[in-house]
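For reference, structure16.txt is printed below; it contains compact mmCIF, C-alpha atoms.
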```txt
# COMPACT_ATOMS: atom_id res chain seq x y z
CA MET A 1 109.70 88.96 122.72
CA SER A 2 108.94 85.75 124.50
CA ARG A 3 108.23 82.84 122.17
CA ASP A 4 106.56 80.65 124.76
CA PRO A 5 104.19 78.96 125.10
CA LEU A 6 104.27 77.81 121.46
CA ASP A 7 106.08 74.56 120.98
CA GLU A 8 107.94 73.13 118.04
CA ARG A 9 104.89 71.47 116.49
CA ALA A 10 103.01 74.71 116.40
CA ARG A 11 105.96 76.55 114.96
CA GLU A 12 106.21 74.01 112.20
CA LEU A 13 102.61 74.65 111.32
CA PHE A 14 103.27 78.34 111.03
CA ALA A 15 106.41 77.67 109.03
CA ALA A 16 104.27 75.62 106.66
CA ALA A 17 101.94 78.59 106.30
CA ARG A 18 104.86 80.74 105.24
CA ARG A 19 105.59 78.21 102.53
CA GLU A 20 102.19 78.51 100.94
CA PRO A 21 102.97 80.27 97.69
CA ALA A 22 101.10 83.39 96.75
CA PRO A 23 100.04 82.67 93.16
CA GLU A 24 102.01 84.60 90.60
CA ALA A 25 99.07 84.38 88.19
CA ALA A 26 96.95 86.31 90.65
CA ARG A 27 99.60 88.98 91.02
CA GLN A 28 99.76 89.36 87.25
CA ARG A 29 95.99 89.56 87.00
CA ILE A 30 95.91 92.28 89.63
CA ALA A 31 98.66 94.18 87.85
CA ALA A 32 96.62 94.04 84.65
CA ALA A 33 93.51 95.20 86.46
CA LEU A 34 95.42 98.10 87.99
CA ARG A 35 96.73 99.12 84.60
CA ALA A 36 93.23 98.95 83.15
CA GLN A 37 91.90 101.06 86.00
CA THR A 38 94.61 103.65 85.48
CA GLN A 39 93.94 103.88 81.77
CA ARG A 40 90.16 103.86 81.88
CA PRO A 41 89.40 107.54 82.60
CA THR A 42 91.55 108.86 79.76
CA LEU A 43 90.30 109.28 76.20
CA GLU A 44 92.40 109.62 73.11
CA PRO A 45 92.04 113.04 71.45
CA SER A 46 90.24 111.63 68.43
CA ARG A 47 87.78 109.74 70.62
CA LEU A 48 87.36 112.78 72.81
CA LEU A 49 86.39 114.86 69.81
CA ALA A 50 84.00 112.19 68.65
CA TRP A 51 82.49 112.10 72.10
CA ARG A 52 82.08 115.86 72.17
CA GLY A 53 80.46 115.71 68.77
CA ALA A 54 78.09 113.07 70.02
CA ARG A 55 77.19 115.29 72.97
CA VAL A 56 76.32 118.13 70.59
CA TRP A 57 74.05 115.86 68.62
CA LEU A 58 72.47 114.62 71.79
CA LEU A 59 71.73 118.15 72.89
CA VAL A 60 70.28 118.96 69.47
CA ALA A 61 68.12 115.87 69.62
CA ALA A 62 67.04 116.75 73.11
CA ALA A 63 66.15 120.29 72.11
CA ALA A 64 64.18 119.01 69.12
CA ALA A 65 62.31 116.59 71.33
CA VAL A 66 61.46 119.30 73.84
CA ALA A 67 60.39 121.70 71.09
CA GLY A 68 58.23 119.05 69.50
CA ALA A 69 56.62 118.33 72.80
CA LEU A 70 55.88 121.99 73.39
CA PHE A 71 54.30 122.48 69.98
CA SER A 72 52.25 119.38 70.30
CA LEU A 73 49.05 119.56 72.28
CA GLN A 74 49.27 115.89 73.06
CA VAL A 75 52.48 115.11 74.89
CA PRO A 76 53.23 111.40 74.92
CA GLU A 77 54.90 110.25 78.09
CA HIS A 78 57.76 108.52 76.38
CA SER A 79 58.93 111.74 74.76
CA ILE A 80 59.34 113.26 78.21
CA ASP A 81 61.40 110.32 79.28
CA ILE A 82 63.62 110.51 76.25
CA SER A 83 64.14 114.24 76.66
CA ALA A 84 65.01 113.93 80.29
CA GLU A 85 67.41 111.19 79.52
CA ALA A 86 69.06 113.09 76.73
CA LEU A 87 69.44 116.15 78.93
CA ALA A 88 71.03 114.15 81.69
CA PRO A 89 74.74 114.69 82.29
CA PRO A 90 77.11 112.63 80.17
CA SER A 91 78.00 110.39 83.05
CA ALA A 92 74.38 109.44 83.45
CA GLN A 93 73.99 108.96 79.73
CA ARG A 94 76.86 106.51 79.66
CA GLN A 95 74.94 104.34 82.06
CA THR A 96 72.05 103.94 79.67
CA THR A 97 71.97 101.38 76.94
CA GLY A 98 73.23 102.41 73.57
CA ALA A 99 69.92 102.00 71.74
CA HIS A 100 69.26 105.68 71.25
CA THR A 101 72.44 107.33 72.46
CA ALA A 102 75.40 108.05 70.28
CA ALA A 103 78.00 107.55 72.99
CA PRO A 104 81.21 106.12 71.63
CA PRO A 105 82.35 102.73 72.83
CA PRO A 106 84.69 102.87 75.81
CA ARG A 107 88.35 102.53 75.26
CA SER A 108 89.47 98.98 74.91
CA ALA A 109 89.54 97.84 78.51
CA PRO A 110 90.38 94.19 79.15
CA SER A 111 87.33 93.73 81.29
CA ASN A 112 87.26 90.00 80.69
CA ASP A 113 90.61 89.71 82.39
CA LEU A 114 89.61 91.48 85.55
CA GLY A 115 87.82 88.60 87.14
CA PRO A 116 84.79 88.68 89.40
CA VAL A 117 86.26 90.98 92.01
CA ALA A 118 87.24 93.70 89.59
CA SER A 119 83.89 93.47 87.88
CA SER A 120 82.20 94.31 91.16
CA LEU A 121 84.44 97.21 92.06
CA PRO A 122 82.95 100.68 92.00
CA ALA A 123 85.72 101.86 89.68
CA LYS A 124 84.14 99.91 86.83
CA ARG A 125 80.88 101.75 87.15
CA THR A 126 80.50 105.30 86.10
CA PRO A 127 79.17 107.21 89.09
CA VAL A 128 76.54 109.83 88.61
CA ARG A 129 78.49 112.08 90.96
CA THR A 130 82.05 111.85 92.07
CA PRO A 131 82.16 110.57 95.64
CA PRO A 132 84.06 112.73 98.12
CA SER A 133 87.64 111.85 98.76
CA LEU A 134 88.85 110.80 102.17
CA ASP A 135 90.48 114.20 102.57
CA GLN A 136 87.18 115.91 101.83
CA GLU A 137 85.36 113.69 104.28
CA LEU A 138 87.95 114.33 106.98
CA ALA A 139 87.88 118.07 106.44
CA THR A 140 84.10 118.12 106.53
CA MET A 141 84.03 116.10 109.71
CA GLN A 142 86.54 118.43 111.33
CA ARG A 143 84.50 121.48 110.41
CA ALA A 144 81.34 119.84 111.71
CA ARG A 145 83.04 118.92 114.98
CA ALA A 146 84.40 122.42 115.32
CA ALA A 147 80.96 123.88 114.75
CA LEU A 148 79.50 121.56 117.33
CA GLY A 149 82.28 122.43 119.72
CA ARG A 150 81.34 126.10 119.62
CA GLY A 151 77.68 125.22 120.09
CA ASP A 152 76.58 125.84 116.52
CA ALA A 153 74.61 122.67 115.84
CA ALA A 154 72.97 124.13 112.76
CA ALA A 155 76.34 124.80 111.18
CA ALA A 156 77.45 121.30 112.05
CA LEU A 157 74.39 119.85 110.35
CA ALA A 158 75.01 122.04 107.35
CA GLU A 159 78.53 120.65 107.08
CA LEU A 160 77.24 117.11 107.38
CA ASP A 161 74.80 117.87 104.57
CA ARG A 162 77.60 119.23 102.43
CA PHE A 163 77.51 116.28 100.09
CA GLY A 164 73.80 116.77 99.60
CA ARG A 165 71.96 114.13 97.69
CA GLY A 166 75.16 112.81 96.22
CA PRO A 167 76.93 109.69 97.31
CA GLY A 168 77.49 111.13 100.80
CA PHE A 169 80.11 110.02 103.26
CA ARG A 170 81.69 106.75 102.40
CA GLN A 171 84.77 105.99 104.45
CA LEU A 172 83.65 108.00 107.46
CA ALA A 173 79.97 107.22 107.03
CA VAL A 174 79.55 105.70 110.48
CA GLU A 175 81.37 108.54 112.22
CA ALA A 176 79.35 111.08 110.25
CA ARG A 177 76.10 109.44 111.27
CA LEU A 178 77.05 109.56 114.91
CA LEU A 179 78.03 113.20 114.64
CA ARG A 180 74.73 113.94 112.94
CA ILE A 181 72.90 112.32 115.83
CA GLU A 182 74.72 114.50 118.29
CA ALA A 183 74.14 117.62 116.21
CA LEU A 184 70.44 116.87 115.94
CA ALA A 185 70.20 116.40 119.69
CA ARG A 186 72.03 119.65 120.33
CA ALA A 187 69.82 121.41 117.82
CA GLY A 188 66.80 120.44 119.90
CA ARG A 189 65.60 117.89 117.37
CA ALA A 190 65.48 115.15 119.98
CA ASP A 191 63.02 112.90 118.17
CA GLU A 192 65.08 112.84 115.02
CA ALA A 193 68.23 112.22 117.03
CA ARG A 194 66.61 109.40 118.92
CA ASN A 195 65.25 107.71 115.81
CA LEU A 196 68.55 107.99 114.04
CA ALA A 197 70.37 106.67 117.10
CA ARG A 198 68.09 103.68 117.30
CA ARG A 199 68.70 102.86 113.66
CA PHE A 200 72.41 103.27 114.25
CA VAL A 201 72.31 100.77 117.11
CA GLN A 202 70.27 98.32 115.07
CA GLN A 203 72.48 98.54 112.02
CA ASN A 204 75.85 98.69 113.79
CA PRO A 205 75.52 96.46 116.85
CA ASN A 206 79.22 95.58 116.84
CA ASN A 207 80.56 99.00 116.08
CA PRO A 208 82.81 100.48 118.75
CA LEU A 209 80.76 103.67 118.52
CA VAL A 210 77.50 101.96 119.35
CA ASP A 211 77.73 102.72 123.07
CA ARG A 212 77.93 106.39 122.33
CA ALA A 213 74.97 106.10 119.98
CA ARG A 214 72.96 104.36 122.68
CA THR A 215 73.18 107.43 124.86
CA PHE A 216 71.00 109.18 122.29
CA ALA A 217 68.60 106.29 121.74
CA THR A 218 66.76 106.82 124.99
CA PRO A 219 64.29 109.59 125.82
CA ALA A 220 66.86 111.11 128.17
CA ALA A 221 68.98 112.07 125.21
CA SER A 222 70.04 115.34 126.74
CA SER A 223 72.30 113.57 129.20
CA GLY A 224 73.78 111.70 126.28
CA VAL A 225 74.63 114.97 124.64
CA GLU A 226 76.75 116.00 127.55
CA LYS A 227 78.54 112.69 127.74
CA ALA A 228 79.09 112.32 124.04
CA SER A 229 80.26 115.86 123.59
CA GLU A 230 82.91 115.32 126.23
CA GLU A 231 84.08 112.17 124.53
CA ASN A 232 84.11 113.87 121.18
CA GLN A 233 86.73 116.38 122.14
CA PRO A 234 90.12 115.73 120.58
CA MET B 1 84.95 82.78 114.92
CA VAL B 2 85.30 86.10 113.30
CA ASP B 3 83.89 89.41 114.36
CA ALA B 4 83.82 90.98 110.95
CA ALA B 5 82.40 94.27 112.09
CA SER B 6 85.04 94.83 114.70
CA ALA B 7 87.68 93.75 112.24
CA CYS B 8 86.45 96.32 109.80
CA ASN B 9 86.11 99.05 112.32
CA GLY B 10 89.54 98.45 113.70
CA VAL B 11 90.94 100.22 110.70
CA VAL B 12 91.86 103.81 111.25
CA VAL B 13 92.90 106.53 108.92
CA GLU B 14 96.61 107.01 108.79
CA PRO B 15 97.68 110.39 110.11
CA LEU B 16 99.22 112.74 107.64
CA THR B 17 102.92 113.36 107.95
CA GLU B 18 105.27 115.61 106.16
CA ASP B 19 106.70 112.73 104.17
CA GLU B 20 105.79 112.30 100.57
CA PRO B 21 103.10 109.72 100.00
CA THR B 22 103.69 106.55 98.10
CA SER B 23 102.85 106.97 94.45
CA ASP B 24 103.57 103.73 92.67
CA ILE B 25 100.89 101.07 92.92
CA ASP B 26 102.97 98.63 90.88
CA ALA B 27 105.78 98.86 93.41
CA LEU B 28 103.30 98.31 96.22
CA LEU B 29 101.87 95.28 94.46
CA ASN B 30 105.25 93.74 93.84
CA ALA B 31 106.49 94.38 97.34
CA HIS B 32 103.44 93.43 99.34
CA PHE B 33 101.29 91.10 97.27
CA ALA B 34 102.60 87.97 98.98
CA PHE B 35 102.06 89.49 102.42
CA ILE B 36 98.51 90.55 101.66
CA TRP B 37 97.67 87.24 100.03
CA ARG B 38 98.99 85.26 103.01
CA VAL B 39 97.14 87.48 105.45
CA CYS B 40 93.94 87.00 103.49
CA ARG B 41 94.47 83.26 103.47
CA ARG B 42 95.13 82.94 107.17
CA LEU B 43 92.31 85.28 108.06
CA GLY B 44 89.87 82.89 106.48
CA PHE B 45 89.77 83.33 102.72
CA ALA B 46 89.97 80.22 100.58
CA PRO B 47 92.78 80.38 97.99
CA ALA B 48 90.62 81.60 95.12
CA ASP B 49 88.89 84.08 97.37
CA ALA B 50 92.25 85.26 98.66
CA ASP B 51 93.17 86.12 95.07
CA ASP B 52 90.05 88.22 94.71
CA ALA B 53 90.45 89.80 98.12
CA ALA B 54 94.04 90.75 97.36
CA GLN B 55 92.87 92.28 94.11
CA GLN B 56 90.31 94.35 95.94
CA VAL B 57 92.94 95.48 98.42
CA PHE B 58 95.24 96.79 95.72
CA MET B 59 92.45 98.28 93.65
CA ILE B 60 91.32 100.24 96.69
CA ALA B 61 94.90 101.16 97.55
CA SER B 62 95.41 102.50 94.05
CA THR B 63 92.76 105.12 94.78
CA LYS B 64 94.39 106.12 98.07
CA LEU B 65 98.02 106.41 97.14
CA ASP B 66 98.18 109.93 98.46
CA ARG B 67 97.35 108.56 101.91
CA ILE B 68 99.99 105.88 102.04
CA MET B 69 103.11 107.07 103.79
CA PRO B 70 106.55 105.55 103.37
CA GLN B 71 107.29 102.78 105.84
CA ARG B 72 103.57 102.46 106.50
CA GLU B 73 102.60 100.70 103.30
CA ARG B 74 102.11 97.28 104.79
CA ALA B 75 100.08 98.59 107.70
CA PHE B 76 97.89 100.58 105.33
CA LEU B 77 97.33 97.61 103.04
CA TYR B 78 96.64 95.41 106.05
CA GLY B 79 93.97 97.84 107.15
CA ILE B 80 92.34 97.69 103.76
CA ALA B 81 92.53 93.91 103.83
CA LEU B 82 90.62 93.88 107.11
CA ARG B 83 87.94 96.05 105.59
CA VAL B 84 87.67 93.84 102.53
CA ARG B 85 87.41 90.84 104.76
CA GLY B 86 84.76 92.49 106.87
CA HIS B 87 82.66 93.22 103.82
CA ALA B 88 83.11 89.69 102.51
CA ARG B 89 82.13 88.20 105.83
CA ARG B 90 79.03 90.27 106.11
CA ALA B 91 78.09 89.35 102.56
CA GLU B 92 78.50 85.66 103.04
CA ARG B 93 77.20 85.53 106.59
CA ARG B 94 79.85 83.46 108.18
CA ARG B 95 80.10 80.54 105.87
CA ARG B 96 82.51 77.76 106.68
CA GLU B 97 86.07 78.93 106.80
CA VAL B 98 88.01 76.75 104.41
CA LEU B 99 86.88 73.64 102.61
CA VAL B 100 89.14 70.74 101.89
CA GLU B 101 88.88 71.18 98.16
CA ASP B 102 89.81 74.83 98.54
CA VAL B 103 93.07 73.96 100.20
CA GLU B 104 93.81 71.41 97.56
CA ALA B 105 93.24 74.05 94.91
CA THR B 106 96.27 75.93 96.17
CA ALA B 107 99.37 75.79 94.04
CA LEU B 108 101.72 73.56 95.96
CA PRO B 109 105.38 74.41 96.35
CA SER B 110 107.98 72.13 94.86
CA GLY B 111 108.77 69.00 96.77
CA GLY B 112 107.92 65.38 96.89
CA PRO B 113 104.41 64.10 97.24
CA ASP B 114 104.94 63.50 100.93
CA THR B 115 106.06 67.05 101.46
CA GLN B 116 103.18 68.47 99.49
CA ALA B 117 100.67 66.32 101.29
CA ALA B 118 102.13 67.35 104.61
CA LEU B 119 101.96 71.00 103.69
CA ALA B 120 98.36 70.76 102.52
CA GLN B 121 97.47 68.97 105.72
CA ALA B 122 99.29 71.59 107.76
CA TRP B 123 97.46 74.46 106.06
CA ARG B 124 94.14 72.75 106.59
CA LEU B 125 94.84 72.14 110.26
CA LEU B 126 96.13 75.65 110.73
CA ASP B 127 93.00 77.13 109.20
CA GLU B 128 90.82 74.96 111.41
CA LEU B 129 92.66 75.99 114.54
CA LEU B 130 92.83 79.67 113.67
CA ALA B 131 89.11 79.65 113.00
CA GLU B 132 88.62 78.58 116.59
CA LEU B 133 90.34 81.65 117.94
CA PRO B 134 88.68 85.00 118.58
CA ASP B 135 89.39 87.32 115.71
CA LYS B 136 91.67 89.66 117.62
CA LEU B 137 93.82 86.80 118.82
CA ARG B 138 93.85 85.25 115.39
CA ARG B 139 95.12 88.43 113.78
CA ALA B 140 97.83 88.85 116.38
CA LEU B 141 98.98 85.29 115.92
CA VAL B 142 99.05 85.53 112.13
CA LEU B 143 101.02 88.75 112.18
CA ALA B 144 103.52 87.43 114.73
CA GLU B 145 104.02 83.82 113.80
CA ILE B 146 103.54 83.85 110.05
CA GLU B 147 104.55 87.36 109.08
CA GLY B 148 107.20 87.70 111.76
CA LEU B 149 106.08 91.05 113.11
CA GLU B 150 107.25 92.26 116.49
CA VAL B 151 104.78 93.25 119.17
CA THR B 152 105.35 96.93 118.51
CA GLU B 153 104.58 96.40 114.85
CA ILE B 154 101.44 94.44 115.66
CA ALA B 155 100.36 97.27 117.91
CA SER B 156 100.90 99.68 115.07
CA PHE B 157 99.07 97.54 112.52
CA GLU B 158 96.14 97.01 114.85
CA ASN B 159 96.22 100.54 116.24
CA ILE B 160 96.31 99.28 119.81
CA PRO B 161 98.70 99.85 122.72
CA VAL B 162 101.80 97.69 122.82
CA GLY B 163 100.68 96.18 126.10
CA THR B 164 97.40 95.13 124.55
CA ALA B 165 99.17 93.62 121.59
CA SER B 166 101.51 91.72 123.88
CA SER B 167 98.62 90.46 125.96
CA ARG B 168 96.69 89.35 122.89
CA LEU B 169 99.69 87.54 121.50
CA ARG B 170 100.39 85.72 124.73
CA LEU B 171 96.78 84.64 125.03
CA ALA B 172 96.65 83.65 121.36
CA ARG B 173 99.69 81.42 121.75
CA GLU B 174 98.28 79.77 124.84
CA ARG B 175 94.96 79.05 123.19
CA PHE B 176 96.53 77.89 119.96
CA ARG B 177 98.72 75.45 121.80
CA ALA B 178 95.74 74.09 123.70
CA LEU B 179 93.77 73.72 120.48
CA LEU B 180 96.64 71.96 118.77
CA ALA B 181 96.88 69.50 121.63
CA LYS B 182 93.29 68.48 120.97
CA HIS B 183 94.08 67.31 117.45
CA PRO B 184 97.34 65.35 117.66
CA SER B 185 96.44 62.99 114.86
CA LYS B 186 95.90 65.82 112.39
CA ASN B 187 99.32 67.34 112.81
CA PRO B 188 101.63 66.21 110.02
CA PHE B 189 104.64 67.28 112.07
CA GLY B 190 104.00 64.97 114.99
CA GLY B 191 101.19 64.58 117.39
CA ARG B 192 102.96 64.24 120.69
CA PRO B 193 104.82 66.90 122.60
```

Show me this structure written as structure tokens.
Amino acid sequence: MSRDPLDERARELFAAARREPAPEAARQRIAAALRAQTQRPTLEPSRLLAWRGARVWLLVAAAAAVAGALFSLQVPEHSIDISAEALAPPSAQRQTTGAHTAAPPPRSAPSNDLGPVASSLPAKRTPVRTPPSLDQELATMQRARAALGRGDAAAALAELDRFGRGPGFRQLAVEARLLRIEALARAGRADEARNLARRFVQQNPNNPLVDRARTFATPAASSGVEKASEENQP
Amino acid sequence: MVDAASACNGVVVEPLTEDEPTSDIDALLNAHFAFIWRVCRRLGFAPADADDAAQQVFMIASTKLDRIMPQRERAFLYGIALRVRGHARRAERRRREVLVEDVEATALPSGGPDTQAALAQAWRLLDELLAELPDKLRRALVLAEIEGLEVTEIASFENIPVGTASSRLRLARERFRALLAKHPSKNPFGGRP
């Protein structure tokens, strides 16, 4: 590998960069955050039992609230809210404040040691639904592409809707949106494809896939279908 | 300066192989923390932000251990680092790269005051010059000149052909040298060729 045209002064600058020490304190903080993340989902058996007991009481309270509402001719709005909240899945309940829920406190997690980055990571929040894994996203994309390849745009759209109203695609979100545009166009839903393509171009102007999206953003989207479908082949 | 979106989108999913995936996040952290931290620094994060960015990288990696193949750990972590950086850049909308006080907040290596001052000045100048380069060239230069990667490795990390990596590196060196020549008085290692 040729080293030119860098000279000695430049090399010394880069050598200085190699001497900048990565802070050991930061490494230790990250190690602690990783340990906390690993330990967070698990519950000790005693706490698990307490949590299950709390869930039973929550269900009883919810049932009582619903029954009371049914027997009462005047249904106050707040009782509906409370019932709905109590009947929500445990993950959603954990997101509410503890004023009227009996959820046990989380296991001692050193959250104060995690710093601002860890506090903003999704792992610290309890999701309402588990997001799909990368494997799931990849598999879904492959099935959708295969469906589109055999001309079954409806099946492709069904695959892309697999995650429903949940968190949806995350790591392949951009690719999934582009595939949805193509599937919509092939399904004859040109207006929807065009609108989605325009939003794609607006929101991802620097994305490498934007040129392909542009082919669907014009009224002559049918020509874009042909071009994009050729490019989409493995 | 930096094209955060292209940096983010340059990351690709590692192909699956028949090898067993990496399973120990602690080992990854110990082996690659310094690399990731340096990359974050030279790609524009101030020292404190580089700490946070490195933490994000390893927190994300800990959720993807089944995707990290042996011998590909650094490339995988590098890809995550680019994504983290892309998100940070979009969030902060291209603020100034590195402030003087940020550099001075870095823990200095042992050495006399002159050495430490020279190093701090060198880091500051380096950050200024790297910020002048297009992002693709900057990344190639950082990987080659600071991390010591060969062209083939840079191509692998960036998921580009070897010829492209070689071309980027050559261009990056040319431009860096030209930029350095514009600021002879700032170079603590001598201003004249």

**OP:** Please report as a PyMOL selection string which residues of chain A come no farther than 6 Å from chain B, using only C-alpha atoms.
**Re:** chain A and resi 5-6+13-14+16+18+22+26+30+117+206

**OP:** Taking (82.2, 112.1, 99.7) in the file's own coordinates, collect the residues within 7 Å, counting all atoms listed in the file, and hand them back as JSON, numbers by chain.
**Re:** {"A": [131, 132, 133, 136, 137, 163, 167, 168, 169, 170]}

**OP:** Place a sphere of radius 6 Å on (69.7, 112.7, 112.9) in the file coordinates and name every protein, DNA or RNA residue with an atom inside or on its surface, counting only C-alpha atoms; give the answer as a PyMOL selection string.
**Re:** chain A and resi 180-181+184+192-193+196

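Between CA of Pro70 (chain B) and CA of Leu34 (chain A) lies a distance of 20.4 Å.
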
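The gap separating CA of Ile160 (chain B) from CA of Thr140 (chain A) is 26.1 Å, in Å to one decimal.
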